[in-house]
$ cat entry30.pdb   # PDB, C-alpha atoms (C1' of nucleotides)
ATOM      1  CA  MET A 793     -50.526 -40.820  33.934  1.00  0.00           C
ATOM      2  CA  ASN A 794     -52.833 -43.553  32.771  1.00  0.00           C
ATOM      3  CA  TYR A 795     -54.593 -46.404  34.502  1.00  0.00           C
ATOM      4  CA  TRP A 796     -54.710 -49.922  33.104  1.00  0.00           C
ATOM      5  CA  LEU A 797     -56.225 -53.240  33.987  1.00  0.00           C
ATOM      6  CA  MET A 798     -53.949 -56.161  33.196  1.00  0.00           C
ATOM      7  CA  LYS A 799     -55.044 -59.773  33.389  1.00  0.00           C
ATOM      8  CA  SER A 800     -52.806 -62.528  34.611  1.00  0.00           C
ATOM      9  CA  GLU A 801     -53.599 -66.120  35.349  1.00  0.00           C
ATOM     10  CA  PRO A 802     -52.593 -66.573  38.992  1.00  0.00           C
ATOM     11  CA  ASP A 803     -51.413 -70.105  38.218  1.00  0.00           C
ATOM     12  CA  ASP A 804     -48.877 -68.375  36.002  1.00  0.00           C
ATOM     13  CA  VAL A 805     -48.097 -65.110  37.804  1.00  0.00           C
ATOM     14  CA  SER A 806     -50.218 -64.078  40.790  1.00  0.00           C
ATOM     15  CA  ILE A 807     -49.973 -60.875  42.795  1.00  0.00           C
ATOM     16  CA  ASP A 808     -48.125 -62.879  45.467  1.00  0.00           C
ATOM     17  CA  ASP A 809     -45.688 -64.148  42.846  1.00  0.00           C
ATOM     18  CA  LEU A 810     -45.048 -60.582  41.779  1.00  0.00           C
ATOM     19  CA  ALA A 811     -44.406 -59.501  45.366  1.00  0.00           C
ATOM     20  CA  ALA A 812     -41.964 -62.385  45.796  1.00  0.00           C
ATOM     21  CA  ARG A 813     -39.919 -61.695  42.673  1.00  0.00           C
ATOM     22  CA  PRO A 814     -36.474 -60.119  42.646  1.00  0.00           C
ATOM     23  CA  ASP A 815     -37.035 -56.353  42.630  1.00  0.00           C
ATOM     24  CA  GLN A 816     -40.745 -57.196  42.764  1.00  0.00           C
ATOM     25  CA  THR A 817     -40.898 -56.750  38.997  1.00  0.00           C
ATOM     26  CA  VAL A 818     -41.976 -58.967  36.132  1.00  0.00           C
ATOM     27  CA  GLY A 819     -41.961 -58.752  32.366  1.00  0.00           C
ATOM     28  CA  TRP A 820     -45.504 -58.922  31.061  1.00  0.00           C
ATOM     29  CA  TYR A 821     -44.775 -61.650  28.546  1.00  0.00           C
ATOM     30  CA  GLY A 822     -47.222 -63.559  26.435  1.00  0.00           C
ATOM     31  CA  VAL A 823     -49.489 -60.850  25.052  1.00  0.00           C
ATOM     32  CA  ARG A 824     -50.481 -62.099  21.586  1.00  0.00           C
ATOM     33  CA  ASN A 825     -53.222 -59.697  20.683  1.00  0.00           C
ATOM     34  CA  TYR A 826     -52.509 -56.649  18.560  1.00  0.00           C
ATOM     35  CA  GLN A 827     -54.828 -54.291  20.351  1.00  0.00           C
ATOM     36  CA  ALA A 828     -53.296 -55.142  23.717  1.00  0.00           C
ATOM     37  CA  ARG A 829     -49.816 -54.904  22.245  1.00  0.00           C
ATOM     38  CA  ASN A 830     -50.592 -51.495  20.814  1.00  0.00           C
ATOM     39  CA  PHE A 831     -51.698 -50.219  24.187  1.00  0.00           C
ATOM     40  CA  MET A 832     -48.279 -51.164  25.535  1.00  0.00           C
ATOM     41  CA  ARG A 833     -46.420 -49.811  22.537  1.00  0.00           C
ATOM     42  CA  ASP A 834     -48.280 -46.563  22.035  1.00  0.00           C
ATOM     43  CA  GLU A 835     -49.789 -45.497  25.313  1.00  0.00           C
ATOM     44  CA  MET A 836     -48.127 -47.009  28.326  1.00  0.00           C
ATOM     45  CA  GLN A 837     -45.806 -44.711  30.199  1.00  0.00           C
ATOM     46  CA  LEU A 838     -43.448 -45.168  33.088  1.00  0.00           C
ATOM     47  CA  GLY A 839     -45.394 -44.721  36.293  1.00  0.00           C
ATOM     48  CA  ASP A 840     -48.749 -45.714  34.839  1.00  0.00           C
ATOM     49  CA  GLN A 841     -50.872 -47.435  37.434  1.00  0.00           C
ATOM     50  CA  VAL A 842     -51.981 -51.016  36.931  1.00  0.00           C
ATOM     51  CA  PHE A 843     -54.874 -52.911  38.420  1.00  0.00           C
ATOM     52  CA  PHE A 844     -53.566 -56.451  38.664  1.00  0.00           C
ATOM     53  CA  TYR A 845     -56.397 -58.786  37.710  1.00  0.00           C
ATOM     54  CA  HIS A 846     -56.551 -62.523  38.283  1.00  0.00           C
ATOM     55  CA  SER A 847     -58.260 -64.309  35.397  1.00  0.00           C
ATOM     56  CA  SER A 848     -59.118 -67.891  34.515  1.00  0.00           C
ATOM     57  CA  CYS A 849     -59.261 -68.884  38.139  1.00  0.00           C
ATOM     58  CA  LYS A 850     -61.727 -69.667  40.890  1.00  0.00           C
ATOM     59  CA  GLU A 851     -62.376 -66.067  41.861  1.00  0.00           C
ATOM     60  CA  PRO A 852     -61.536 -63.702  39.050  1.00  0.00           C
ATOM     61  CA  GLY A 853     -61.063 -60.089  40.072  1.00  0.00           C
ATOM     62  CA  ILE A 854     -58.679 -57.294  40.990  1.00  0.00           C
ATOM     63  CA  ALA A 855     -56.098 -58.586  43.441  1.00  0.00           C
ATOM     64  CA  GLY A 856     -53.588 -55.772  43.715  1.00  0.00           C
ATOM     65  CA  LEU A 857     -51.845 -52.732  42.323  1.00  0.00           C
ATOM     66  CA  ALA A 858     -48.711 -52.413  40.234  1.00  0.00           C
ATOM     67  CA  THR A 859     -46.930 -49.771  38.208  1.00  0.00           C
ATOM     68  CA  VAL A 860     -45.270 -49.714  34.814  1.00  0.00           C
ATOM     69  CA  CYS A 861     -41.519 -49.618  35.449  1.00  0.00           C
ATOM     70  CA  ARG A 862     -40.133 -50.284  31.962  1.00  0.00           C
ATOM     71  CA  MET A 863     -41.602 -49.214  28.671  1.00  0.00           C
ATOM     72  CA  ALA A 864     -42.372 -51.564  25.794  1.00  0.00           C
ATOM     73  CA  TYR A 865     -39.601 -53.802  24.477  1.00  0.00           C
ATOM     74  CA  PRO A 866     -39.555 -57.135  22.638  1.00  0.00           C
ATOM     75  CA  ASP A 867     -41.079 -60.081  24.464  1.00  0.00           C
ATOM     76  CA  PRO A 868     -38.284 -62.685  24.599  1.00  0.00           C
ATOM     77  CA  THR A 869     -40.685 -65.642  24.638  1.00  0.00           C
ATOM     78  CA  GLN A 870     -41.581 -65.044  20.986  1.00  0.00           C
ATOM     79  CA  PHE A 871     -38.056 -66.155  19.984  1.00  0.00           C
ATOM     80  CA  ASP A 872     -37.961 -69.240  22.188  1.00  0.00           C
ATOM     81  CA  PRO A 873     -39.015 -72.361  20.268  1.00  0.00           C
ATOM     82  CA  LYS A 874     -39.697 -74.128  23.543  1.00  0.00           C
ATOM     83  CA  SER A 875     -42.115 -71.477  24.730  1.00  0.00           C
ATOM     84  CA  LYS A 876     -45.821 -71.757  24.131  1.00  0.00           C
ATOM     85  CA  TYR A 877     -45.586 -68.117  23.111  1.00  0.00           C
ATOM     86  CA  PHE A 878     -43.081 -68.841  20.356  1.00  0.00           C
ATOM     87  CA  ASP A 879     -43.912 -67.088  17.092  1.00  0.00           C
ATOM     88  CA  ALA A 880     -42.061 -68.411  14.057  1.00  0.00           C
ATOM     89  CA  LYS A 881     -43.016 -65.325  12.070  1.00  0.00           C
ATOM     90  CA  SER A 882     -41.285 -62.964  14.434  1.00  0.00           C
ATOM     91  CA  THR A 883     -37.584 -62.131  14.178  1.00  0.00           C
ATOM     92  CA  PRO A 884     -35.283 -60.138  16.450  1.00  0.00           C
ATOM     93  CA  ASP A 885     -34.964 -57.674  13.558  1.00  0.00           C
ATOM     94  CA  LYS A 886     -38.678 -57.189  13.354  1.00  0.00           C
ATOM     95  CA  PRO A 887     -40.179 -58.328  16.630  1.00  0.00           C
ATOM     96  CA  ARG A 888     -43.905 -58.657  16.491  1.00  0.00           C
ATOM     97  CA  TRP A 889     -44.696 -58.842  20.213  1.00  0.00           C
ATOM     98  CA  LEU A 890     -43.801 -56.512  23.041  1.00  0.00           C
ATOM     99  CA  GLN A 891     -43.944 -56.481  26.784  1.00  0.00           C
ATOM    100  CA  VAL A 892     -43.570 -53.933  29.535  1.00  0.00           C
ATOM    101  CA  ASP A 893     -42.226 -54.543  33.023  1.00  0.00           C
ATOM    102  CA  VAL A 894     -44.445 -53.906  36.009  1.00  0.00           C
ATOM    103  CA  ARG A 895     -43.486 -53.471  39.629  1.00  0.00           C
ATOM    104  CA  PHE A 896     -45.471 -54.553  42.661  1.00  0.00           C
ATOM    105  CA  VAL A 897     -47.175 -51.758  44.573  1.00  0.00           C
ATOM    106  CA  GLN A 898     -49.502 -53.546  46.932  1.00  0.00           C
ATOM    107  CA  LYS A 899     -51.777 -56.468  47.376  1.00  0.00           C
ATOM    108  CA  THR A 900     -55.385 -55.495  47.993  1.00  0.00           C
ATOM    109  CA  ARG A 901     -58.470 -57.331  49.075  1.00  0.00           C
ATOM    110  CA  LEU A 902     -59.923 -59.215  46.140  1.00  0.00           C
ATOM    111  CA  LEU A 903     -62.470 -57.088  44.321  1.00  0.00           C
ATOM    112  CA  SER A 904     -64.215 -59.825  42.416  1.00  0.00           C
ATOM    113  CA  LEU A 905     -65.620 -59.613  38.935  1.00  0.00           C
ATOM    114  CA  ASN A 906     -69.082 -60.032  40.398  1.00  0.00           C
ATOM    115  CA  GLN A 907     -68.547 -57.099  42.745  1.00  0.00           C
ATOM    116  CA  LEU A 908     -67.199 -54.971  39.926  1.00  0.00           C
ATOM    117  CA  ARG A 909     -70.330 -55.737  37.924  1.00  0.00           C
ATOM    118  CA  SER A 910     -72.523 -54.776  40.853  1.00  0.00           C
ATOM    119  CA  PHE A 911     -71.457 -51.118  40.765  1.00  0.00           C
ATOM    120  CA  PRO A 912     -73.512 -49.094  38.275  1.00  0.00           C
ATOM    121  CA  GLU A 913     -70.709 -46.504  38.370  1.00  0.00           C
ATOM    122  CA  LEU A 914     -68.431 -48.960  36.573  1.00  0.00           C
ATOM    123  CA  CYS A 915     -70.802 -50.045  33.829  1.00  0.00           C
ATOM    124  CA  GLU A 916     -68.661 -48.418  31.162  1.00  0.00           C
ATOM    125  CA  MET A 917     -65.476 -50.225  32.096  1.00  0.00           C
ATOM    126  CA  VAL A 918     -64.004 -51.982  29.064  1.00  0.00           C
ATOM    127  CA  LEU A 919     -63.465 -55.080  31.178  1.00  0.00           C
ATOM    128  CA  LEU A 920     -67.177 -55.348  31.882  1.00  0.00           C
ATOM    129  CA  GLN A 921     -68.445 -54.919  28.352  1.00  0.00           C
ATOM    130  CA  LYS A 922     -70.156 -57.910  26.839  1.00  0.00           C
ATOM    131  CA  GLY A 923     -67.732 -60.144  25.013  1.00  0.00           C
ATOM    132  CA  SER A 924     -64.739 -58.150  26.166  1.00  0.00           C
ATOM    133  CA  ARG A 925     -61.700 -60.369  26.580  1.00  0.00           C
ATOM    134  CA  LEU A 926     -58.762 -58.088  26.023  1.00  0.00           C
ATOM    135  CA  SER A 927     -55.995 -58.882  28.468  1.00  0.00           C
ATOM    136  CA  ILE A 928     -54.992 -55.221  28.766  1.00  0.00           C
ATOM    137  CA  THR A 929     -57.621 -52.516  28.958  1.00  0.00           C
ATOM    138  CA  PRO A 930     -57.510 -48.825  29.780  1.00  0.00           C
ATOM    139  CA  VAL A 931     -59.318 -47.647  32.908  1.00  0.00           C
ATOM    140  CA  SER A 932     -60.721 -44.118  33.036  1.00  0.00           C
ATOM    141  CA  ASP A 933     -59.608 -41.743  35.787  1.00  0.00           C
ATOM    142  CA  ALA A 934     -63.114 -41.764  37.229  1.00  0.00           C
ATOM    143  CA  ASP A 935     -63.357 -45.554  37.259  1.00  0.00           C
ATOM    144  CA  ALA A 936     -59.857 -45.827  38.708  1.00  0.00           C
ATOM    145  CA  ALA A 937     -60.706 -43.417  41.521  1.00  0.00           C
ATOM    146  CA  PHE A 938     -63.894 -45.311  42.256  1.00  0.00           C
ATOM    147  CA  ILE A 939     -62.124 -48.679  42.349  1.00  0.00           C
ATOM    148  CA  LEU A 940     -59.306 -47.335  44.526  1.00  0.00           C
ATOM    149  CA  GLY A 941     -61.957 -46.097  46.918  1.00  0.00           C
ATOM    150  CA  LYS A 942     -63.391 -49.605  47.170  1.00  0.00           C
ATOM    151  CA  LEU A 943     -60.000 -51.269  47.534  1.00  0.00           C
ATOM    152  CA  CYS A 944     -58.406 -49.141  50.195  1.00  0.00           C
TER     153      CYS A 944
ATOM    154  C1'  DG B 787     -61.198 -57.308   0.304  1.00  0.00           C
ATOM    155  C1'  DC B 788     -64.621 -60.886   1.550  1.00  0.00           C
ATOM    156  C1'  DC B 789     -65.816 -64.360   4.543  1.00  0.00           C
ATOM    157  C1'  DA B 790     -65.860 -69.322   6.108  1.00  0.00           C
ATOM    158  C1'  DA B 791     -63.352 -71.991   9.002  1.00  0.00           C
ATOM    159  C1'  DC B 792     -60.719 -72.332  12.725  1.00  0.00           C
ATOM    160  C1'  DG B 793     -58.428 -70.877  17.149  1.00  0.00           C
ATOM    161  C1'  DT B 794     -58.498 -68.428  21.623  1.00  0.00           C
ATOM    162  C1'  DT B 795     -60.233 -66.275  25.769  1.00  0.00           C
ATOM    163  C1'  DG B 796     -62.218 -66.634  29.972  1.00  0.00           C
ATOM    164  C1'  DG B 797     -66.384 -66.832  32.840  1.00  0.00           C
ATOM    165  C1'  DC B 798     -69.380 -70.194  34.307  1.00  0.00           C
TER     166       DC B 798
ATOM    167  C1'  DG C  81     -65.595 -79.029  29.948  1.00  0.00           C
ATOM    168  C1'  DC C  82     -68.911 -75.884  27.687  1.00  0.00           C
ATOM    169  C1'  DC C  83     -69.623 -72.275  24.765  1.00  0.00           C
ATOM    170  C1'  DA C  84     -70.315 -67.208  23.483  1.00  0.00           C
ATOM    171  C1'  DA C  85     -67.804 -63.801  21.604  1.00  0.00           C
ATOM    172  C1'  DC C  86     -63.947 -62.322  19.191  1.00  0.00           C
ATOM    173  C1'  DG C  87     -59.707 -62.553  16.526  1.00  0.00           C
ATOM    174  C1'  DT C  88     -56.897 -64.602  12.823  1.00  0.00           C
ATOM    175  C1'  DT C  89     -55.962 -67.115   8.680  1.00  0.00           C
ATOM    176  C1'  DG C  90     -56.027 -68.058   4.043  1.00  0.00           C
ATOM    177  C1'  DG C  91     -58.433 -69.322  -0.274  1.00  0.00           C
ATOM    178  C1'  DC C  92     -60.778 -67.033  -3.686  1.00  0.00           C
TER     179       DC C  92
END

$ encode --input "entry30.pdb" --output "structure tokens"
Amino acid sequence: MNYWLMKSEPDDVSIDDLAARPDQTVGWYGVRNYQARNFMRDEMQLGDQVFFYHSSCKEPGIAGLATVCRMAYPDPTQFDPKSKYFDAKSTPDKPRWLQVDVRFVQKTRLLSLNQLRSFPELCEMVLLQKGSRLSITPVSDADAAFILGKLC
DNA sequence: GCCAACGTTGGC
DNA sequence: GCCAACGTTGGC
């Protein structure tokens, strides 16, 4: 079982939106970075735990927990010409972009980016590395345990 | 395969 | 809205 941190813009899908969805699940559409895609394709397993992170917003940080409930499959938005995620070079035969589904687990207090940075224990987190902007990053068992301790 | 130019991310 | 840091594209 792996831990991941997944960024979502709350204006798009927030932790509250996830909780309010049918089945409390959402397809993680819109990933257009190969490294992030490869994490989903090659490493994500059913039951993996997800730290749900709000990005590009007033208070960026971890806002809740989720779990991977469907393994990687083609992201439908890549085939939709009306979508901003449309990719003309991708075909249903050879889809370029994938998504997983995640299911709501719980909302937590907001553990802000600033707070995360304040813990020396977390200084190796991929999220916190200089210049890091991957929307999906692995979280080590030790870091995950530490964060869970701060959240709950 | 190099690398300049351009595009994107995301915190501030 | 700025801009640092990265990623991608495409000519050569």

$ closest_atom_pairs --input "entry30.pdb" --of "chain B" --to "chain A" --cutoff "12 Å" --atoms "all atoms listed in the file" --output "tab-separated table"
residue	atom	partner	partner_atom	distance
B:DT794	C1'	A:Arg925	CA	10.0
B:DT795	C1'	A:Arg925	CA	6.1
B:DG796	C1'	A:Ser848	CA	5.6
B:DG797	C1'	A:Ser848	CA	7.5
B:DC798	C1'	A:Lys850	CA	10.1

$ atom_distance --input "entry30.pdb" --atom1 "atom CA of A:Asp893" --atom2 "atom CA of A:Thr817"
6.5 Å

$ axis_aligned_box --input "entry30.pdb" --around "stretch 876-881 of chain A" --padding-each-side "8 Å" --output "JSON"
{"center_x": -43.9, "center_y": -68.5, "center_z": 18.1, "size_x": 19.8, "size_y": 22.4, "size_z": 28.1}

$ residues_around --input "entry30.pdb" --residues "A:Lys942" --least-positions-apart "3" --cutoff "10 Å" --atoms "all atoms listed in the file" --output "PDB file with C-alpha atoms, keeping the file's coordinate frame"
ATOM      1  CA  THR A 900     -55.385 -55.495  47.993  1.00  0.00           C
ATOM      2  CA  ARG A 901     -58.470 -57.331  49.075  1.00  0.00           C
ATOM      3  CA  LEU A 903     -62.470 -57.088  44.321  1.00  0.00           C
ATOM      4  CA  LEU A 908     -67.199 -54.971  39.926  1.00  0.00           C
ATOM      5  CA  ALA A 936     -59.857 -45.827  38.708  1.00  0.00           C
ATOM      6  CA  ALA A 937     -60.706 -43.417  41.521  1.00  0.00           C
ATOM      7  CA  PHE A 938     -63.894 -45.311  42.256  1.00  0.00           C
ATOM      8  CA  ILE A 939     -62.124 -48.679  42.349  1.00  0.00           C
TER       9      ILE A 939
END

$ resolve_selection --input "entry30.pdb" --expression "the PyMOL selection byres ((chain A and resi 811-816) around 6)" --output "list of chain:residue names"
A:Asp808, A:Asp809, A:Leu810, A:Thr817, A:Arg895, A:Phe896

$ atom_distance --input "entry30.pdb" --atom1 "atom CA of A:Gln870" --atom2 "atom CA of A:Ala828"
15.6 Å

$ atom_distance --input "entry30.pdb" --atom1 "atom CA of A:Asn906" --atom2 "atom CA of A:Asp803"
20.5 Å

$ decode --input "entry30.pdb" --residues "stretch 828-839 of chain A" --atoms "all heavy atoms" --output "PDB file, in the first residue's frame"
ATOM      1  N   ALA A 828       3.646  12.243 -13.737  1.00  0.00           N
ATOM      2  CA  ALA A 828       2.453  12.019 -12.912  1.00  0.00           C
ATOM      3  C   ALA A 828       1.611  10.886 -13.503  1.00  0.00           C
ATOM      4  O   ALA A 828       1.101  10.022 -12.783  1.00  0.00           O
ATOM      5  CB  ALA A 828       1.640  13.312 -12.811  1.00  0.00           C
ATOM      6  N   ARG A 829       1.475  10.890 -14.805  1.00  0.00           N
ATOM      7  CA  ARG A 829       0.729   9.805 -15.453  1.00  0.00           C
ATOM      8  C   ARG A 829       1.352   8.451 -15.136  1.00  0.00           C
ATOM      9  O   ARG A 829       0.647   7.468 -14.853  1.00  0.00           O
ATOM     10  CB  ARG A 829       0.709  10.010 -16.972  1.00  0.00           C
ATOM     11  CG  ARG A 829      -0.046   8.904 -17.690  1.00  0.00           C
ATOM     12  CD  ARG A 829       0.381   8.743 -19.142  1.00  0.00           C
ATOM     13  NE  ARG A 829       1.762   8.291 -19.251  1.00  0.00           N
ATOM     14  CZ  ARG A 829       2.387   8.130 -20.409  1.00  0.00           C
ATOM     15  NH1 ARG A 829       1.776   8.438 -21.547  1.00  0.00           N
ATOM     16  NH2 ARG A 829       3.634   7.689 -20.443  1.00  0.00           N
ATOM     17  N   ASN A 830       2.668   8.397 -15.201  1.00  0.00           N
ATOM     18  CA  ASN A 830       3.342   7.120 -14.975  1.00  0.00           C
ATOM     19  C   ASN A 830       3.164   6.618 -13.550  1.00  0.00           C
ATOM     20  O   ASN A 830       3.074   5.407 -13.328  1.00  0.00           O
ATOM     21  CB  ASN A 830       4.823   7.239 -15.324  1.00  0.00           C
ATOM     22  CG  ASN A 830       5.049   7.468 -16.805  1.00  0.00           C
ATOM     23  OD1 ASN A 830       4.128   7.324 -17.626  1.00  0.00           O
ATOM     24  ND2 ASN A 830       6.265   7.836 -17.172  1.00  0.00           N
ATOM     25  N   PHE A 831       3.097   7.541 -12.610  1.00  0.00           N
ATOM     26  CA  PHE A 831       2.791   7.108 -11.242  1.00  0.00           C
ATOM     27  C   PHE A 831       1.442   6.395 -11.217  1.00  0.00           C
ATOM     28  O   PHE A 831       1.296   5.340 -10.611  1.00  0.00           O
ATOM     29  CB  PHE A 831       2.745   8.306 -10.286  1.00  0.00           C
ATOM     30  CG  PHE A 831       4.089   8.819  -9.863  1.00  0.00           C
ATOM     31  CD1 PHE A 831       4.338  10.178  -9.792  1.00  0.00           C
ATOM     32  CD2 PHE A 831       5.104   7.935  -9.505  1.00  0.00           C
ATOM     33  CE1 PHE A 831       5.576  10.662  -9.390  1.00  0.00           C
ATOM     34  CE2 PHE A 831       6.352   8.411  -9.104  1.00  0.00           C
ATOM     35  CZ  PHE A 831       6.582   9.786  -9.048  1.00  0.00           C
ATOM     36  N   MET A 832       0.463   6.970 -11.891  1.00  0.00           N
ATOM     37  CA  MET A 832      -0.865   6.338 -11.902  1.00  0.00           C
ATOM     38  C   MET A 832      -0.817   5.004 -12.630  1.00  0.00           C
ATOM     39  O   MET A 832      -1.388   4.013 -12.181  1.00  0.00           O
ATOM     40  CB  MET A 832      -1.893   7.268 -12.568  1.00  0.00           C
ATOM     41  CG  MET A 832      -2.164   8.510 -11.755  1.00  0.00           C
ATOM     42  SD  MET A 832      -3.663   9.397 -12.264  1.00  0.00           S
ATOM     43  CE  MET A 832      -3.118  10.144 -13.793  1.00  0.00           C
ATOM     44  N   ARG A 833      -0.141   4.996 -13.751  1.00  0.00           N
ATOM     45  CA  ARG A 833      -0.126   3.797 -14.600  1.00  0.00           C
ATOM     46  C   ARG A 833       0.653   2.654 -13.962  1.00  0.00           C
ATOM     47  O   ARG A 833       0.240   1.482 -14.031  1.00  0.00           O
ATOM     48  CB  ARG A 833       0.499   4.150 -15.959  1.00  0.00           C
ATOM     49  CG  ARG A 833       0.481   3.012 -16.957  1.00  0.00           C
ATOM     50  CD  ARG A 833       1.314   3.350 -18.185  1.00  0.00           C
ATOM     51  NE  ARG A 833       2.721   3.529 -17.829  1.00  0.00           N
ATOM     52  CZ  ARG A 833       3.639   4.057 -18.641  1.00  0.00           C
ATOM     53  NH1 ARG A 833       3.288   4.489 -19.846  1.00  0.00           N
ATOM     54  NH2 ARG A 833       4.900   4.184 -18.258  1.00  0.00           N
ATOM     55  N   ASP A 834       1.782   2.989 -13.363  1.00  0.00           N
ATOM     56  CA  ASP A 834       2.735   1.943 -12.975  1.00  0.00           C
ATOM     57  C   ASP A 834       2.714   1.607 -11.489  1.00  0.00           C
ATOM     58  O   ASP A 834       3.149   0.531 -11.107  1.00  0.00           O
ATOM     59  CB  ASP A 834       4.157   2.369 -13.336  1.00  0.00           C
ATOM     60  CG  ASP A 834       4.309   2.671 -14.824  1.00  0.00           C
ATOM     61  OD1 ASP A 834       3.543   2.088 -15.627  1.00  0.00           O
ATOM     62  OD2 ASP A 834       5.179   3.486 -15.177  1.00  0.00           O
ATOM     63  N   GLU A 835       2.256   2.517 -10.672  1.00  0.00           N
ATOM     64  CA  GLU A 835       2.463   2.303  -9.240  1.00  0.00           C
ATOM     65  C   GLU A 835       1.206   2.362  -8.391  1.00  0.00           C
ATOM     66  O   GLU A 835       1.183   1.825  -7.298  1.00  0.00           O
ATOM     67  CB  GLU A 835       3.491   3.313  -8.719  1.00  0.00           C
ATOM     68  CG  GLU A 835       4.850   3.127  -9.406  1.00  0.00           C
ATOM     69  CD  GLU A 835       5.928   3.981  -8.767  1.00  0.00           C
ATOM     70  OE1 GLU A 835       5.961   4.053  -7.530  1.00  0.00           O
ATOM     71  OE2 GLU A 835       6.728   4.579  -9.510  1.00  0.00           O
ATOM     72  N   MET A 836       0.186   3.032  -8.889  1.00  0.00           N
ATOM     73  CA  MET A 836      -0.992   3.162  -8.033  1.00  0.00           C
ATOM     74  C   MET A 836      -1.780   1.864  -7.975  1.00  0.00           C
ATOM     75  O   MET A 836      -2.005   1.228  -8.994  1.00  0.00           O
ATOM     76  CB  MET A 836      -1.899   4.279  -8.534  1.00  0.00           C
ATOM     77  CG  MET A 836      -1.488   5.597  -7.966  1.00  0.00           C
ATOM     78  SD  MET A 836      -2.795   6.803  -8.160  1.00  0.00           S
ATOM     79  CE  MET A 836      -1.827   8.259  -7.826  1.00  0.00           C
ATOM     80  N   GLN A 837      -2.169   1.522  -6.763  1.00  0.00           N
ATOM     81  CA  GLN A 837      -2.925   0.299  -6.536  1.00  0.00           C
ATOM     82  C   GLN A 837      -4.239   0.630  -5.847  1.00  0.00           C
ATOM     83  O   GLN A 837      -4.338   1.636  -5.154  1.00  0.00           O
ATOM     84  CB  GLN A 837      -2.119  -0.648  -5.621  1.00  0.00           C
ATOM     85  CG  GLN A 837      -0.795  -1.102  -6.219  1.00  0.00           C
ATOM     86  CD  GLN A 837      -0.957  -1.991  -7.431  1.00  0.00           C
ATOM     87  OE1 GLN A 837      -1.916  -2.759  -7.521  1.00  0.00           O
ATOM     88  NE2 GLN A 837      -0.035  -1.878  -8.377  1.00  0.00           N
ATOM     89  N   LEU A 838      -5.195  -0.255  -6.033  1.00  0.00           N
ATOM     90  CA  LEU A 838      -6.450  -0.110  -5.301  1.00  0.00           C
ATOM     91  C   LEU A 838      -6.137  -0.050  -3.809  1.00  0.00           C
ATOM     92  O   LEU A 838      -5.346  -0.851  -3.313  1.00  0.00           O
ATOM     93  CB  LEU A 838      -7.367  -1.300  -5.569  1.00  0.00           C
ATOM     94  CG  LEU A 838      -7.995  -1.380  -6.959  1.00  0.00           C
ATOM     95  CD1 LEU A 838      -8.870  -2.627  -7.064  1.00  0.00           C
ATOM     96  CD2 LEU A 838      -8.801  -0.132  -7.265  1.00  0.00           C
ATOM     97  N   GLY A 839      -6.773   0.882  -3.135  1.00  0.00           N
ATOM     98  CA  GLY A 839      -6.579   0.987  -1.690  1.00  0.00           C
ATOM     99  C   GLY A 839      -5.442   1.906  -1.291  1.00  0.00           C
ATOM    100  O   GLY A 839      -5.268   2.182  -0.094  1.00  0.00           O
TER     101      GLY A 839
END
